[in-house]
Amino acid sequence: MRRKHKLLVLALFAAPLCYAQTKTDTTAVSNLEEEIQLENSSFVLSESQLNQDDDQTVNVIQVGSANNVYTNNIGYLWSPVRFKFRAYDSRYNDVYMNGVMVNNIENGRFNFSTIGGMNDATRNQDAVSPFEDNSFSIANLGGSNNYDFRASMLPAGHKATLSGANRNYTLRGMYSYGTGLTDKGWAFFGTVGYRWANMQTAAVKGTFYNSLSYFLSVEKVINDRHSINLATWGNPTERAQQGASTDEAYWLANDRQYNPYWGYQNGKMRSSRVVNNYEPTALLTWDYKINDKMKLTTSLIGKYVMYSATRLQYNDSQNPAPDYWKNFPSSQYDVWDIENIQNWDYGIGAWQSYYDYWTRSDANRQIDFDRLYAANRTNNAQGKDAAYFITARHNDNLNLRLGSTFDYSIAKNLKWRVGLQLGTNKGLHYQTIDDMMGAKYMHNVNNYAIGTYMPGSDHSYYNLYDKLYNGDRIIGVGDYFGYDYSIIVRDVKAWSSISWDKGIGHYFASAKIGGTQMWRNGYMNNGICPNYADGNGHEVRFSYGKSQKAGFLDGGAKLGATFNLGRGHGINLGAGFETRAPYASTAFVSPEMNNNFVKNLYNEKIVSAELGYHLNNNWLQLNVTGYYTHTFDGTDWQNFYFDDVNSFTYVSLTDISKSYYGVEVGAKFKITSNLDITAMTTWSDNRYDKDSRCVYMLSTQGTENQTICHNEGMREGSTPLSAYSLAVNYRINRWYLSLIGNYYDRIYLSYSPCQRYEENVATVTADPVTGNMVTTYDVPEQSRGKGGFMLDASIGKQIYIGNHPMSINLTLTNILNNRSICTGGFEQSRSNYSTRKNGTQGNERIYDFRMNPKKFYAQGINFMLNINYRF
């Protein structure tokens with residue numbers, strides 16, 4: 001590793017000696033700016049802070065419309081805090097490749113990390129805002145992107161890149177080569193890259209990163225009408241995750257990047273949360289130029305996703321998480337309310353003892369793997385199942401999609417487009433034993449159900465067939481555990497748009513219609529939800545086998561116009577309405593247990609509008625946009641371990657109604673030919689307009705509980721709702737310098753539904769005047785994170801070695817080392833009361849969960865040094 005660092009330093013210092021030209025080249029500097037923005041785009045920055053089953057990088061929206069200062073810069077400038085465009089979930093952002101949609105059919109999102117490490121292949125894209133017409137789609141609420149992977153459109157020549165950073169990875173190397181279109185009608189482009197960090201060098205202790213990326217595209221222009229392109233890519237990646245924790249944990253560790261997911265085993269660092277992800281993909285495209293006015297583009301894409309994420313689990317033993325609430329000093333003495341009647345005489349002494357233990361050594365606040373192995377050896381001697389073990393949760397899928405677009409220039413100022421998207425996806429969801437941690441015995445048994453049911457009862461088996469046909473078999477590494485099912489989704493979407501110019505206006509109108517079908521196929525007969533025979537001798541498939549099929553018809557329309565008022569002034573406006581089929585990922589109450597669809601499952605309805613003003617002259621480019629979106633009849637789903645009742649819980653929210661609105665401003669001032677200033681701001685809000693219906697199921701009971709979730713007024717979590725930016729950019733003699741100040745505010749954390757169930761917040765009291773019983777609701781306020789100021793900078797230089805350019809750029813983020821900016825997090829789904837049997841409320845706990853949400857914080861000062869050479 002030292003040799004690699006030496007080569008990096010030598011390359012940096014040798015470059016000025018090779019400098020041969022001083023002539024200002026604005027194109028070169030512009031390319032350098034583009035490279036700096038691409039290297040620091042959001043899907044590169046945020047891979048260290050990820051959820052267990054759903055990477056948070058999928059919640060990044062890449063807008064990037066070149067016609068708008070604001071949308072063209074937010075992905076680059078505000079990526080360190082994982083800013084969400086208009087606070088939308090990324091399922092409202094569509095991603096296409098050569099005209100075919102590539103969002104995950106099951107959950108509607110696209111994971112940008114799957115194209116990380118192949119930067120030169122992803123440069124060529126068409127990104128449009130929500131109300132911009134385009135040649136490949138009807139733009140979604142969060143905009144749409146189309147990557148052009150045709151070999152003839154990718155850069156020709158050789159390019160070698162070497163990077164060093166103190167972010168998610170430490171070292172990166174990339175090489176790409178393209179031929180351009182040859183005289184014989186062939187074009188080739190390929191790139192390969194590798195990103196690496198170990199637990200000692202990664203920015204977050206206890207994480208590591210190993211990722212190999214590759215991309216190959218081959219194109220044949222058959223004649224002046226037909227061309228065929230085949231592209232394939234993938235990036236097998238293994239990385240360790242960072243976990244969110246409480247402010248108390250960060251204070252005790254004296255580190256806002258404290259990571260509870262790792263510990264020591266035999267004196268060596270080991271992570272309990274490791275993700276393996278590989279999505280080999282192939283894309284075939286046929287371009288058919290029918291005549292000078294008509295063109296047909298058809299693409300077929302196929303990929304197989306292999307995704308797994310490990311988790312440390314325990315069985316009839318103590319929770320091994322170092323930041324488990326009972327391990328904190330505040331679990332012994334209520335520091336938030338010293339008058340709490342639960343505070344006992346010796347509580348302060350216990351608090352001090354816990355504090356001393358946490359702060360005594362690094363090992364004391366991490367996972368003690370040696371202790372866990374010792375517990376399993378004890379269980380082995382007693383013939384018991386593993387006390388501790390590691391599982392891998394798999395979310396694989398096989399996806400095929402076909403996209404075709406017909407483009408017809410009817411007249412000089414009149415264009416008509418029609419498109420078709422067909423898709424099918426089989427999602428495979430299962431859990432396996434990844435590591436027995438020295439244990440000899442393990443059964444596919446729901447130990448959380450023991451206590452509610454007798455040991456050995458049918459209810460305690462994740463798969464009844466293990467008991468009935470497999471002799472109560474012992475399972476081991478690689479065997480399925482807990483759940484195994486697939487979700488199949490098929491969809492078809494057709495769209496059409498027409499655009500025309502008349503007078504001072506450019507207009508477009510578009511419409512779409514689609515159909516979606518989905519069902520679940522269970523491969524385990526869950527003892528909590530077993531199949532049974534009805535009175536007519538037919539089997540009711542409650543958990544094992546195929547569910548019923550659900551079908552939905554959706555569609556919508558959009559209208560937009562842009563008016564050129566002269567002298568650079570213009571107004572743009574748009575409005576739309578659509579109904580959207582629910583995603584399969586939210587359509588089942590508890591897919592890990594049974595086939596039941598969510599009750600009150602309807603199409604989501606969306607009304608949206610936008611009004612903007614723009615000015616473009618020799619010294620100023622200005623965009624001001626106001627927007628409003630209202631969604632209703634939405635559906636959401638989540639699951640988590642609910643420690644109050646020692647059970648996993650599955651929560652479905654329906655009848656969701658939200659409003660999104662705000663103002664966006666972007667301005668670029670050209671001071672001189674070498675100096676410009678970019679200023680941006682947004683003030684936005686989004687909130688639940690009313691309380692939602694809720695159905696939740698416990699993994700130990702199998703019964704559906706209906707309630708109301710009092711979430712009115714809750715906001716979208718883990719994104720600043722207000723952000724402000726000022727950037728100064730200077731260019732001279734192939735130097736590029738940029739200084740950027742950003743301020744973030746109004747950051748909410750993801751709210752906990754179970755803290756807002758009606759039965760948990762309702763109090764019935766007698767009115768002192770009338771004597772009537774009155775119900776009041778003590779709904780907790782949504783937890784928030786702290787914002788703040790962040791200063792960033794970039795400096796780049798392009799030189800020539802012979803006739804070939806070398807670019808060197810250094811990007812510094814959070815120069816002032818402000819580690820107090822919250823970049824996301826969530827409320828804990830726990831109550832402040834102990835729970836007795838049958839769900840009755842017990843005594844108030846000393847530990848206050850409402851005061852202890854789990855958070856992520858911005859990394860301190862970090863850098864990326866990037867050197868590339870084209871030849």
# chains A, B, ... in the order shown; residues from 1 in each chain; ligands from 1

$ residues_around --residues "Tyr628 (chain A)" --least-positions-apart "4" --cutoff "12 Å" --atoms "only C-alpha atoms" --output "VMD selection string"
chain A and resid 86 to 88 130 141 573 to 576 606 to 612 658 to 664 684 to 686

$ write_last_selection --atoms "N, CA, C and O atoms" --output "mmCIF file, in the first residue's frame"
data_model
loop_
_atom_site.group_PDB
_atom_site.id
_atom_site.type_symbol
_atom_site.label_atom_id
_atom_site.label_comp_id
_atom_site.auth_asym_id
_atom_site.auth_seq_id
_atom_site.Cartn_x
_atom_site.Cartn_y
_atom_site.Cartn_z
ATOM 1 N N ARG A 86 -36.623 18.272 -3.865
ATOM 2 C CA ARG A 86 -37.995 18.548 -3.426
ATOM 3 C C ARG A 86 -38.483 17.557 -2.370
ATOM 4 O O ARG A 86 -39.682 17.370 -2.189
ATOM 5 N N ALA A 87 -37.555 16.920 -1.690
ATOM 6 C CA ALA A 87 -37.842 15.937 -0.633
ATOM 7 C C ALA A 87 -38.585 14.721 -1.159
ATOM 8 O O ALA A 87 -39.176 13.968 -0.388
ATOM 9 N N TYR A 88 -38.539 14.488 -2.465
ATOM 10 C CA TYR A 88 -39.199 13.318 -3.035
ATOM 11 C C TYR A 88 -38.400 12.052 -2.732
ATOM 12 O O TYR A 88 -37.180 12.055 -2.734
ATOM 13 N N PRO A 130 -38.959 17.943 -14.038
ATOM 14 C CA PRO A 130 -40.299 17.338 -14.089
ATOM 15 C C PRO A 130 -41.195 17.801 -15.222
ATOM 16 O O PRO A 130 -42.028 17.027 -15.702
ATOM 17 N N LEU A 141 -41.996 13.016 -11.419
ATOM 18 C CA LEU A 141 -42.035 14.130 -10.473
ATOM 19 C C LEU A 141 -40.646 14.618 -10.105
ATOM 20 O O LEU A 141 -40.416 15.813 -9.935
ATOM 21 N N LEU A 573 -44.278 27.002 -17.339
ATOM 22 C CA LEU A 573 -45.301 26.495 -16.436
ATOM 23 C C LEU A 573 -45.692 25.098 -16.867
ATOM 24 O O LEU A 573 -45.511 24.695 -18.014
ATOM 25 N N GLY A 574 -46.230 24.339 -15.918
ATOM 26 C CA GLY A 574 -46.656 22.981 -16.219
ATOM 27 C C GLY A 574 -47.621 22.484 -15.170
ATOM 28 O O GLY A 574 -47.658 22.977 -14.033
ATOM 29 N N ALA A 575 -48.416 21.516 -15.540
ATOM 30 C CA ALA A 575 -49.366 20.906 -14.623
ATOM 31 C C ALA A 575 -49.592 19.457 -15.047
ATOM 32 O O ALA A 575 -49.479 19.120 -16.241
ATOM 33 N N GLY A 576 -49.896 18.611 -14.072
ATOM 34 C CA GLY A 576 -50.102 17.210 -14.401
ATOM 35 C C GLY A 576 -50.947 16.500 -13.372
ATOM 36 O O GLY A 576 -51.072 16.936 -12.216
ATOM 37 N N ILE A 606 -51.738 11.670 -7.922
ATOM 38 C CA ILE A 606 -50.756 12.741 -7.812
ATOM 39 C C ILE A 606 -51.202 13.935 -8.654
ATOM 40 O O ILE A 606 -51.452 13.804 -9.857
ATOM 41 N N VAL A 607 -51.287 15.085 -8.022
ATOM 42 C CA VAL A 607 -51.548 16.349 -8.704
ATOM 43 C C VAL A 607 -50.305 17.216 -8.532
ATOM 44 O O VAL A 607 -49.804 17.374 -7.415
ATOM 45 N N SER A 608 -49.783 17.776 -9.621
ATOM 46 C CA SER A 608 -48.556 18.562 -9.524
ATOM 47 C C SER A 608 -48.624 19.766 -10.442
ATOM 48 O O SER A 608 -49.289 19.745 -11.484
ATOM 49 N N ALA A 609 -47.938 20.820 -10.041
ATOM 50 C CA ALA A 609 -47.885 22.045 -10.848
ATOM 51 C C ALA A 609 -46.581 22.766 -10.570
ATOM 52 O O ALA A 609 -45.976 22.623 -9.497
ATOM 53 N N GLU A 610 -46.153 23.551 -11.557
ATOM 54 C CA GLU A 610 -44.884 24.261 -11.446
ATOM 55 C C GLU A 610 -44.966 25.562 -12.235
ATOM 56 O O GLU A 610 -45.545 25.611 -13.320
ATOM 57 N N LEU A 611 -44.391 26.625 -11.683
ATOM 58 C CA LEU A 611 -44.327 27.918 -12.365
ATOM 59 C C LEU A 611 -42.929 28.476 -12.171
ATOM 60 O O LEU A 611 -42.426 28.539 -11.046
ATOM 61 N N GLY A 612 -42.295 28.864 -13.279
ATOM 62 C CA GLY A 612 -40.930 29.340 -13.178
ATOM 63 C C GLY A 612 -40.664 30.557 -14.038
ATOM 64 O O GLY A 612 -41.357 30.815 -15.033
ATOM 65 N N LYS A 658 -50.113 13.481 1.228
ATOM 66 C CA LYS A 658 -48.970 14.362 1.459
ATOM 67 C C LYS A 658 -49.049 15.585 0.556
ATOM 68 O O LYS A 658 -49.610 15.526 -0.539
ATOM 69 N N SER A 659 -48.432 16.657 1.005
ATOM 70 C CA SER A 659 -48.261 17.857 0.186
ATOM 71 C C SER A 659 -46.790 18.240 0.165
ATOM 72 O O SER A 659 -46.108 18.200 1.202
ATOM 73 N N TYR A 660 -46.300 18.582 -1.019
ATOM 74 C CA TYR A 660 -44.930 19.065 -1.218
ATOM 75 C C TYR A 660 -45.023 20.436 -1.888
ATOM 76 O O TYR A 660 -45.713 20.589 -2.898
ATOM 77 N N TYR A 661 -44.317 21.418 -1.354
ATOM 78 C CA TYR A 661 -44.335 22.734 -1.990
ATOM 79 C C TYR A 661 -43.079 23.504 -1.593
ATOM 80 O O TYR A 661 -42.455 23.229 -0.566
ATOM 81 N N GLY A 662 -42.707 24.445 -2.431
ATOM 82 C CA GLY A 662 -41.516 25.211 -2.130
ATOM 83 C C GLY A 662 -41.098 26.114 -3.265
ATOM 84 O O GLY A 662 -41.754 26.203 -4.311
ATOM 85 N N VAL A 663 -39.983 26.806 -3.045
ATOM 86 C CA VAL A 663 -39.404 27.736 -4.014
ATOM 87 C C VAL A 663 -37.932 27.395 -4.188
ATOM 88 O O VAL A 663 -37.223 27.107 -3.212
ATOM 89 N N GLU A 664 -37.471 27.414 -5.442
ATOM 90 C CA GLU A 664 -36.073 27.136 -5.771
ATOM 91 C C GLU A 664 -35.511 28.314 -6.559
ATOM 92 O O GLU A 664 -36.160 28.808 -7.489
ATOM 93 N N SER A 684 -38.395 24.606 1.189
ATOM 94 C CA SER A 684 -39.439 23.659 0.826
ATOM 95 C C SER A 684 -40.100 23.119 2.078
ATOM 96 O O SER A 684 -39.583 23.244 3.190
ATOM 97 N N ASP A 685 -41.234 22.522 1.875
ATOM 98 C CA ASP A 685 -41.912 21.827 2.956
ATOM 99 C C ASP A 685 -42.651 20.644 2.378
ATOM 100 O O ASP A 685 -43.041 20.646 1.195
ATOM 101 N N ASN A 686 -42.806 19.644 3.174
ATOM 102 C CA ASN A 686 -43.641 18.500 2.804
ATOM 103 C C ASN A 686 -44.211 17.935 4.086
ATOM 104 O O ASN A 686 -43.529 17.902 5.107
#

$ residues_around --residues "Leu154 (chain A)" --least-positions-apart "3" --cutoff "7 Å" --atoms "only C-alpha atoms" --output "list in words"
Ala121, Arg150, Ala151, Gly178 and Phe189 of chain A

$ select_by_dssp --residues "region 182-226 of chain A" --states "strand (DSSP E or B)" --output "PyMOL selection string"
chain A and resi 186-197+209-221+226

$ residues_around --residues "region 716-724 of chain A" --least-positions-apart "5" --cutoff "10 Å" --atoms "only C-alpha atoms" --output "number ranges by chain"
A: 56, 59, 74, 78, 81-89, 658, 660, 662-666, 679-688, 741-751, 782-789, 822-826, 855-856

$ closest_atom_pairs --of "region 497-593 of chain A" --to "region 105-111 of chain A" --cutoff "7 Å" --atoms "only C-alpha atoms" --output "Markdown table"
| residue | atom | partner | partner_atom | distance |
| --- | --- | --- | --- | --- |
| A:Tyr583 | CA | A:Asn107 | CA | 5.5 |
| A:Ala584 | CA | A:Glu106 | CA | 5.2 |
| A:Ser585 | CA | A:Asn107 | CA | 5.2 |

$ write_last_selection --atoms "C-alpha atoms" --output "PDB file, in the first residue's frame"
ATOM      1  CA  TYR A 583     -45.320  -1.030  -5.749  1.00  0.00           C
ATOM      2  CA  ALA A 584     -45.090  -4.702  -4.855  1.00  0.00           C
ATOM      3  CA  SER A 585     -42.620  -3.839  -2.073  1.00  0.00           C
TER       4      SER A 585
END

$ residues_around --residues "Ala581 (chain A)" --least-positions-apart "6" --cutoff "10 Å" --atoms "only C-alpha atoms" --output "MDAnalysis selection string"
chainID A and resid 491 514:517 551:555 587 601:605 634:635

$ write_last_selection --atoms "N, CA and C atoms" --output "mmCIF file, in the first residue's frame"
data_model
loop_
_atom_site.group_PDB
_atom_site.id
_atom_site.type_symbol
_atom_site.label_atom_id
_atom_site.label_comp_id
_atom_site.auth_asym_id
_atom_site.auth_seq_id
_atom_site.Cartn_x
_atom_site.Cartn_y
_atom_site.Cartn_z
ATOM 1 N N ASP A 491 -45.302 -5.517 -15.781
ATOM 2 C CA ASP A 491 -45.954 -4.238 -16.067
ATOM 3 C C ASP A 491 -45.780 -3.843 -17.527
ATOM 4 N N GLY A 514 -50.938 2.521 -18.251
ATOM 5 C CA GLY A 514 -50.156 1.345 -17.912
ATOM 6 C C GLY A 514 -50.947 0.345 -17.094
ATOM 7 N N GLY A 515 -50.413 -0.847 -17.021
ATOM 8 C CA GLY A 515 -51.010 -1.896 -16.213
ATOM 9 C C GLY A 515 -49.943 -2.665 -15.465
ATOM 10 N N THR A 516 -50.254 -3.075 -14.232
ATOM 11 C CA THR A 516 -49.314 -3.805 -13.385
ATOM 12 C C THR A 516 -50.014 -5.010 -12.771
ATOM 13 N N GLN A 517 -49.329 -6.150 -12.765
ATOM 14 C CA GLN A 517 -49.833 -7.361 -12.127
ATOM 15 C C GLN A 517 -48.756 -7.894 -11.201
ATOM 16 N N GLY A 551 -54.110 -6.809 -9.801
ATOM 17 C CA GLY A 551 -53.873 -6.032 -11.009
ATOM 18 C C GLY A 551 -54.321 -4.594 -10.846
ATOM 19 N N PHE A 552 -53.583 -3.690 -11.461
ATOM 20 C CA PHE A 552 -53.881 -2.263 -11.356
ATOM 21 C C PHE A 552 -53.706 -1.612 -12.725
ATOM 22 N N LEU A 553 -54.601 -0.701 -13.046
ATOM 23 C CA LEU A 553 -54.527 0.103 -14.259
ATOM 24 C C LEU A 553 -54.253 1.541 -13.843
ATOM 25 N N ASP A 554 -53.247 2.151 -14.440
ATOM 26 C CA ASP A 554 -52.923 3.528 -14.072
ATOM 27 C C ASP A 554 -52.652 4.351 -15.316
ATOM 28 N N GLY A 555 -52.427 5.642 -15.107
ATOM 29 C CA GLY A 555 -52.166 6.538 -16.230
ATOM 30 C C GLY A 555 -52.131 7.972 -15.767
ATOM 31 N N ALA A 587 -47.057 -3.765 -1.102
ATOM 32 C CA ALA A 587 -48.401 -4.282 -1.352
ATOM 33 C C ALA A 587 -48.808 -5.420 -0.420
ATOM 34 N N LEU A 601 -55.774 -1.099 -0.567
ATOM 35 C CA LEU A 601 -54.657 -0.916 -1.498
ATOM 36 C C LEU A 601 -55.193 -0.326 -2.798
ATOM 37 N N TYR A 602 -54.847 0.938 -3.046
ATOM 38 C CA TYR A 602 -55.365 1.647 -4.218
ATOM 39 C C TYR A 602 -54.210 2.292 -4.986
ATOM 40 N N ASN A 603 -54.531 2.742 -6.186
ATOM 41 C CA ASN A 603 -53.582 3.573 -6.927
ATOM 42 C C ASN A 603 -53.328 4.867 -6.177
ATOM 43 N N GLU A 604 -52.080 5.288 -6.156
ATOM 44 C CA GLU A 604 -51.753 6.599 -5.618
ATOM 45 C C GLU A 604 -52.115 7.661 -6.659
ATOM 46 N N LYS A 605 -52.750 8.747 -6.206
ATOM 47 C CA LYS A 605 -53.099 9.847 -7.092
ATOM 48 C C LYS A 605 -52.156 11.019 -6.837
ATOM 49 N N GLY A 634 -51.854 6.966 -0.992
ATOM 50 C CA GLY A 634 -50.549 6.319 -1.053
ATOM 51 C C GLY A 634 -50.429 5.173 -0.071
ATOM 52 N N THR A 635 -49.392 4.355 -0.266
ATOM 53 C CA THR A 635 -49.131 3.184 0.579
ATOM 54 C C THR A 635 -47.655 3.147 0.931
#

$ residues_around --residues "Val274 (chain A)" --least-positions-apart "3" --cutoff "9 Å" --atoms "only C-alpha atoms" --output "list in words"
Thr207, Phe208, Glu238, Arg239, Ala240, Gln241, Ser271, Ser308, Ala309, Thr310, Arg311 and Ala392 of chain A

$ residues_around --residues "Gly545 (chain A)" --least-positions-apart "3" --cutoff "6 Å" --atoms "only C-alpha atoms" --output "number ranges by chain"
A: 521-522, 541

$ select_by_dssp --residues "region 53-244 of chain A" --states "helix (DSSP H, G or I)" --output "NGL selection string"
:A and (56-59 or 69-77 or 79-81 or 85-87 or 90-92 or 112-115 or 119-121 or 151-153)

$ residues_around --residues "Ser217 (chain A)" --least-positions-apart "5" --cutoff "8 Å" --atoms "only C-alpha atoms" --output "PyMOL selection string"
chain A and resi 149-151+188-190+229-232

$ closest_residue --among "A:Trp495, A:Tyr523, A:Phe863, A:Phe542" --to "Tyr465 (chain A)" --atoms "only C-alpha atoms"
A:Tyr523

$ atom_distance --atom1 "CA of Ile677 (chain A)" --atom2 "CA of Ser807 (chain A)"
23.1 Å

$ closest_residue --among "A:Asp126, A:Asp292, A:Asp287, A:Asp458" --to "Asn531 (chain A)" --atoms "only C-alpha atoms"
A:Asp458

$ atom_distance --atom1 "CA of Asn623 (chain A)" --atom2 "CA of Gly142 (chain A)"
17.4 Å

$ closest_residue --among "A:Ser657, A:Asn772, A:Gln701, A:Asn124" --to "His459 (chain A)" --atoms "only C-alpha atoms"
A:Gln701

$ atom_distance --atom1 "CA of Asp633 (chain A)" --atom2 "CA of Met101 (chain A)"
24.8 Å

$ closest_residue --among "A:Ile222, A:Met269, A:Val589, A:Tyr214" --to "Asn198 (chain A)" --atoms "only C-alpha atoms"
A:Met269
